[in-house]
Amino acid sequence: MKKTIRFLLNTITCFVTIVGVLTIALYLLGIRPTVVTSGSMIPAIGIGDVCFINTRYPYEKVQKQDIIVYKEPRQKVIHRVVGKTEEGLITKGDANNNQDRLRITKNEFMGKMVFLVPKVGYISANLQGATAKAIFVTIIIAIYVAAYLLNYEKKERKKNEYGDIR
């Protein structure tokens with residue numbers, strides 16, 4: 001039983017560590033996650049998907065069919081570029097019948113989508129409050145501490161069993 005728990009905790013800590021390192025690396029590269037809250041891009045992007053946006057992508061390089069994020073006064077919008085004019089980019093949600101009225105200029109442009117992770121946004125949406133974040137961090141710390149203690153106990157047992165071999 002202890003072996004199973006130790007294996008599970010080690011697997012979880014390894015996974016959390018890898019996700020943490022990848023998150024930091026993506027952040028340093030200018031890649032930011034954003035949770036999709038509307039169905040305007042279905043079927044390409046669903047509600048609850050997490051889109052990763054390259055915030056350093058040059059506005060001038062945006063092409064037709066690229067999926068971009070732009071800011072409106074009260075929200076971020078993720079839509080597909082369907083055209084380019086002198087006034088800016090023309091966008092449209094895949095599930096929408098009409099193009100967006102606003103022409104996206106360099107000022108509104110936030111970045112280009114590079115990849116997405118389906119449905120992970122539901123977890124993120126439930127971790128918005130301070131209490132939920134504190135609970136999440138506490139659970140992660142508890143997992144690391146439990147894994148450390150189980151591994152430490154195993155090392156101590158081996159040391160006592162075989163003597164202190166260095």
# chains A, B, ... in the order shown; residues from 1 in each chain; ligands from 1

call {"tool": "residues_around", "arguments": {"residues": "Ile68 in chain A", "least_positions_apart": "6", "cutoff": "8 Å", "atoms": "only C-alpha atoms", "output": "PyMOL selection string"}}
result
chain A and resi 53+78-81+109-113

call {"tool": "select_by_dssp", "arguments": {"residues": "range 37-142 of chain A", "states": "alpha helix (DSSP H)", "output": "list in words"}}
result
Gly121, Tyr122, Ile123, Ser124, Ala125, Ala130, Thr131, Ala132, Lys133, Ala134, Ile135, Phe136, Val137, Thr138, Ile139, Ile140, Ile141 and Ala142 of chain A

call {"tool": "write_last_selection", "arguments": {"atoms": "C-alpha atoms", "output": "mmCIF file, in the first residue's frame"}}
result
data_model
loop_
_atom_site.group_PDB
_atom_site.id
_atom_site.type_symbol
_atom_site.label_atom_id
_atom_site.label_comp_id
_atom_site.auth_asym_id
_atom_site.auth_seq_id
_atom_site.Cartn_x
_atom_site.Cartn_y
_atom_site.Cartn_z
ATOM 1 C CA GLY A 121 -10.364 26.117 -18.380
ATOM 2 C CA TYR A 122 -13.127 24.650 -16.250
ATOM 3 C CA ILE A 123 -10.546 23.941 -13.547
ATOM 4 C CA SER A 124 -9.130 27.454 -13.890
ATOM 5 C CA ALA A 125 -12.589 29.024 -13.755
ATOM 6 C CA ALA A 130 -8.689 33.824 -3.197
ATOM 7 C CA THR A 131 -9.983 30.956 -1.042
ATOM 8 C CA ALA A 132 -9.928 28.500 -3.965
ATOM 9 C CA LYS A 133 -6.379 29.543 -4.873
ATOM 10 C CA ALA A 134 -5.240 29.148 -1.272
ATOM 11 C CA ILE A 135 -6.772 25.659 -1.115
ATOM 12 C CA PHE A 136 -5.131 24.708 -4.431
ATOM 13 C CA VAL A 137 -1.692 25.914 -3.296
ATOM 14 C CA THR A 138 -2.122 24.143 0.057
ATOM 15 C CA ILE A 139 -2.967 20.867 -1.705
ATOM 16 C CA ILE A 140 0.092 21.178 -3.977
ATOM 17 C CA ILE A 141 2.352 21.876 -0.976
ATOM 18 C CA ALA A 142 0.811 18.963 0.955
#

call {"tool": "atom_distance", "arguments": {"atom1": "CA of Ile67 in chain A", "atom2": "CA of Asp94 in chain A"}}
result
10.1 Å

call {"tool": "residues_around", "arguments": {"residues": "Gly30 in chain A", "least_positions_apart": "5", "cutoff": "7 Å", "atoms": "only C-alpha atoms", "output": "list in words"}}
result
Asn54, Thr55 and Arg56 of chain A

call {"tool": "residues_around", "arguments": {"residues": "Ile12 in chain A", "least_positions_apart": "3", "cutoff": "12 Å", "atoms": "only C-alpha atoms", "output": "PyMOL selection string"}}
result
chain A and resi 5-9+15-19+139-147

call {"tool": "write_last_selection", "arguments": {"atoms": "C-alpha atoms", "output": "mmCIF file, in the first residue's frame"}}
result
data_model
loop_
_atom_site.group_PDB
_atom_site.id
_atom_site.type_symbol
_atom_site.label_atom_id
_atom_site.label_comp_id
_atom_site.auth_asym_id
_atom_site.auth_seq_id
_atom_site.Cartn_x
_atom_site.Cartn_y
_atom_site.Cartn_z
ATOM 1 C CA ILE A 5 0.894 5.787 -2.374
ATOM 2 C CA ARG A 6 4.578 6.663 -2.802
ATOM 3 C CA PHE A 7 4.376 5.957 -6.553
ATOM 4 C CA LEU A 8 1.200 8.043 -6.889
ATOM 5 C CA LEU A 9 2.648 10.973 -4.941
ATOM 6 C CA PHE A 15 3.667 16.076 -13.205
ATOM 7 C CA VAL A 16 3.154 19.280 -11.176
ATOM 8 C CA THR A 17 6.855 20.114 -11.458
ATOM 9 C CA ILE A 18 6.868 19.611 -15.230
ATOM 10 C CA VAL A 19 3.722 21.719 -15.652
ATOM 11 C CA ILE A 139 -2.967 20.867 -1.705
ATOM 12 C CA ILE A 140 0.092 21.178 -3.977
ATOM 13 C CA ILE A 141 2.352 21.876 -0.976
ATOM 14 C CA ALA A 142 0.811 18.963 0.955
ATOM 15 C CA ILE A 143 1.507 16.621 -1.985
ATOM 16 C CA TYR A 144 5.161 17.682 -2.114
ATOM 17 C CA VAL A 145 5.566 17.354 1.663
ATOM 18 C CA ALA A 146 3.888 13.922 1.713
ATOM 19 C CA ALA A 147 6.085 12.691 -1.152
#

call {"tool": "residues_around", "arguments": {"residues": "Asn107 in chain A", "least_positions_apart": "2", "cutoff": "12 Å", "atoms": "only C-alpha atoms", "output": "list in words"}}
result
Pro58, Tyr59, Val69, Tyr70, Lys71, Glu72, Pro73, Glu87, Gly88, Leu89, Arg103, Ile104, Thr105, Phe109, Met110 and Gly111 of chain A

call {"tool": "closest_residue", "arguments": {"among": "A:Leu102, A:Leu116, A:Cys14, A:Val21", "to": "Val36 in chain A", "atoms": "only C-alpha atoms"}}
result
A:Leu116

call {"tool": "select_by_dssp", "arguments": {"residues": "range 3-112 of chain A", "states": "strand (DSSP E or B)", "output": "number ranges by chain"}}
result
A: 31-35, 50-54, 67-71, 76-84, 89-92, 104, 109-112

call {"tool": "write_last_selection", "arguments": {"atoms": "C-alpha atoms", "output": "PDB file, in the first residue's frame"}}
result
ATOM      1  CA  ILE A  31       3.007  32.805 -24.277  1.00  0.00           C
ATOM      2  CA  ARG A  32      -0.021  33.527 -22.061  1.00  0.00           C
ATOM      3  CA  PRO A  33      -3.027  31.312 -21.360  1.00  0.00           C
ATOM      4  CA  THR A  34      -6.575  32.594 -21.698  1.00  0.00           C
ATOM      5  CA  VAL A  35      -9.761  30.695 -20.879  1.00  0.00           C
ATOM      6  CA  VAL A  50      -7.478  27.217 -22.672  1.00  0.00           C
ATOM      7  CA  CYS A  51      -5.867  29.018 -25.598  1.00  0.00           C
ATOM      8  CA  PHE A  52      -2.199  29.896 -25.408  1.00  0.00           C
ATOM      9  CA  ILE A  53      -1.489  33.249 -27.005  1.00  0.00           C
ATOM     10  CA  ASN A  54       1.843  34.478 -28.330  1.00  0.00           C
ATOM     11  CA  ILE A  67      -6.845  33.049 -34.709  1.00  0.00           C
ATOM     12  CA  ILE A  68      -6.051  36.133 -32.681  1.00  0.00           C
ATOM     13  CA  VAL A  69      -6.955  37.709 -29.358  1.00  0.00           C
ATOM     14  CA  TYR A  70      -7.915  41.343 -29.176  1.00  0.00           C
ATOM     15  CA  LYS A  71      -9.192  43.556 -26.414  1.00  0.00           C
ATOM     16  CA  LYS A  76     -10.802  39.810 -24.503  1.00  0.00           C
ATOM     17  CA  VAL A  77     -12.091  38.290 -27.753  1.00  0.00           C
ATOM     18  CA  ILE A  78     -10.680  35.268 -29.580  1.00  0.00           C
ATOM     19  CA  HIS A  79     -11.718  35.267 -33.245  1.00  0.00           C
ATOM     20  CA  ARG A  80     -10.415  34.289 -36.652  1.00  0.00           C
ATOM     21  CA  VAL A  81      -8.969  36.845 -39.082  1.00  0.00           C
ATOM     22  CA  VAL A  82     -11.087  36.804 -42.258  1.00  0.00           C
ATOM     23  CA  GLY A  83      -9.551  39.817 -43.976  1.00  0.00           C
ATOM     24  CA  LYS A  84      -7.172  42.763 -43.807  1.00  0.00           C
ATOM     25  CA  LEU A  89      -7.947  43.300 -39.354  1.00  0.00           C
ATOM     26  CA  ILE A  90     -11.440  41.944 -40.041  1.00  0.00           C
ATOM     27  CA  THR A  91     -12.401  39.178 -37.627  1.00  0.00           C
ATOM     28  CA  LYS A  92     -15.273  36.771 -37.160  1.00  0.00           C
ATOM     29  CA  ILE A 104      -8.630  45.394 -35.107  1.00  0.00           C
ATOM     30  CA  PHE A 109      -4.262  43.329 -30.906  1.00  0.00           C
ATOM     31  CA  MET A 110      -3.037  41.184 -28.002  1.00  0.00           C
ATOM     32  CA  GLY A 111      -1.534  38.202 -29.815  1.00  0.00           C
ATOM     33  CA  LYS A 112      -1.954  35.127 -31.970  1.00  0.00           C
TER      34      LYS A 112
END

call {"tool": "residues_around", "arguments": {"residues": "Gly46 in chain A", "least_positions_apart": "6", "cutoff": "8 Å", "atoms": "only C-alpha atoms", "output": "ChimeraX atom specification"}}
result
/A:36,38-39,118-119

call {"tool": "write_last_selection", "arguments": {"atoms": "N, CA and C atoms", "output": "PDB file, in the first residue's frame"}}
result
ATOM      1  N   VAL A  36     -11.434  30.333 -22.601  1.00  0.00           N
ATOM      2  CA  VAL A  36     -12.529  30.693 -23.502  1.00  0.00           C
ATOM      3  C   VAL A  36     -13.846  30.578 -22.742  1.00  0.00           C
ATOM      4  N   SER A  38     -16.911  31.854 -24.242  1.00  0.00           N
ATOM      5  CA  SER A  38     -18.069  31.926 -25.135  1.00  0.00           C
ATOM      6  C   SER A  38     -17.945  30.870 -26.230  1.00  0.00           C
ATOM      7  N   GLY A  39     -19.042  30.620 -26.920  1.00  0.00           N
ATOM      8  CA  GLY A  39     -19.059  29.611 -27.969  1.00  0.00           C
ATOM      9  C   GLY A  39     -18.897  30.166 -29.359  1.00  0.00           C
ATOM     10  N   PRO A 118      -7.899  21.531 -24.533  1.00  0.00           N
ATOM     11  CA  PRO A 118      -9.358  21.456 -24.367  1.00  0.00           C
ATOM     12  C   PRO A 118      -9.792  21.272 -22.914  1.00  0.00           C
ATOM     13  N   LYS A 119     -10.831  21.989 -22.548  1.00  0.00           N
ATOM     14  CA  LYS A 119     -11.589  21.828 -21.301  1.00  0.00           C
ATOM     15  C   LYS A 119     -10.843  22.103 -19.997  1.00  0.00           C
TER      16      LYS A 119
END
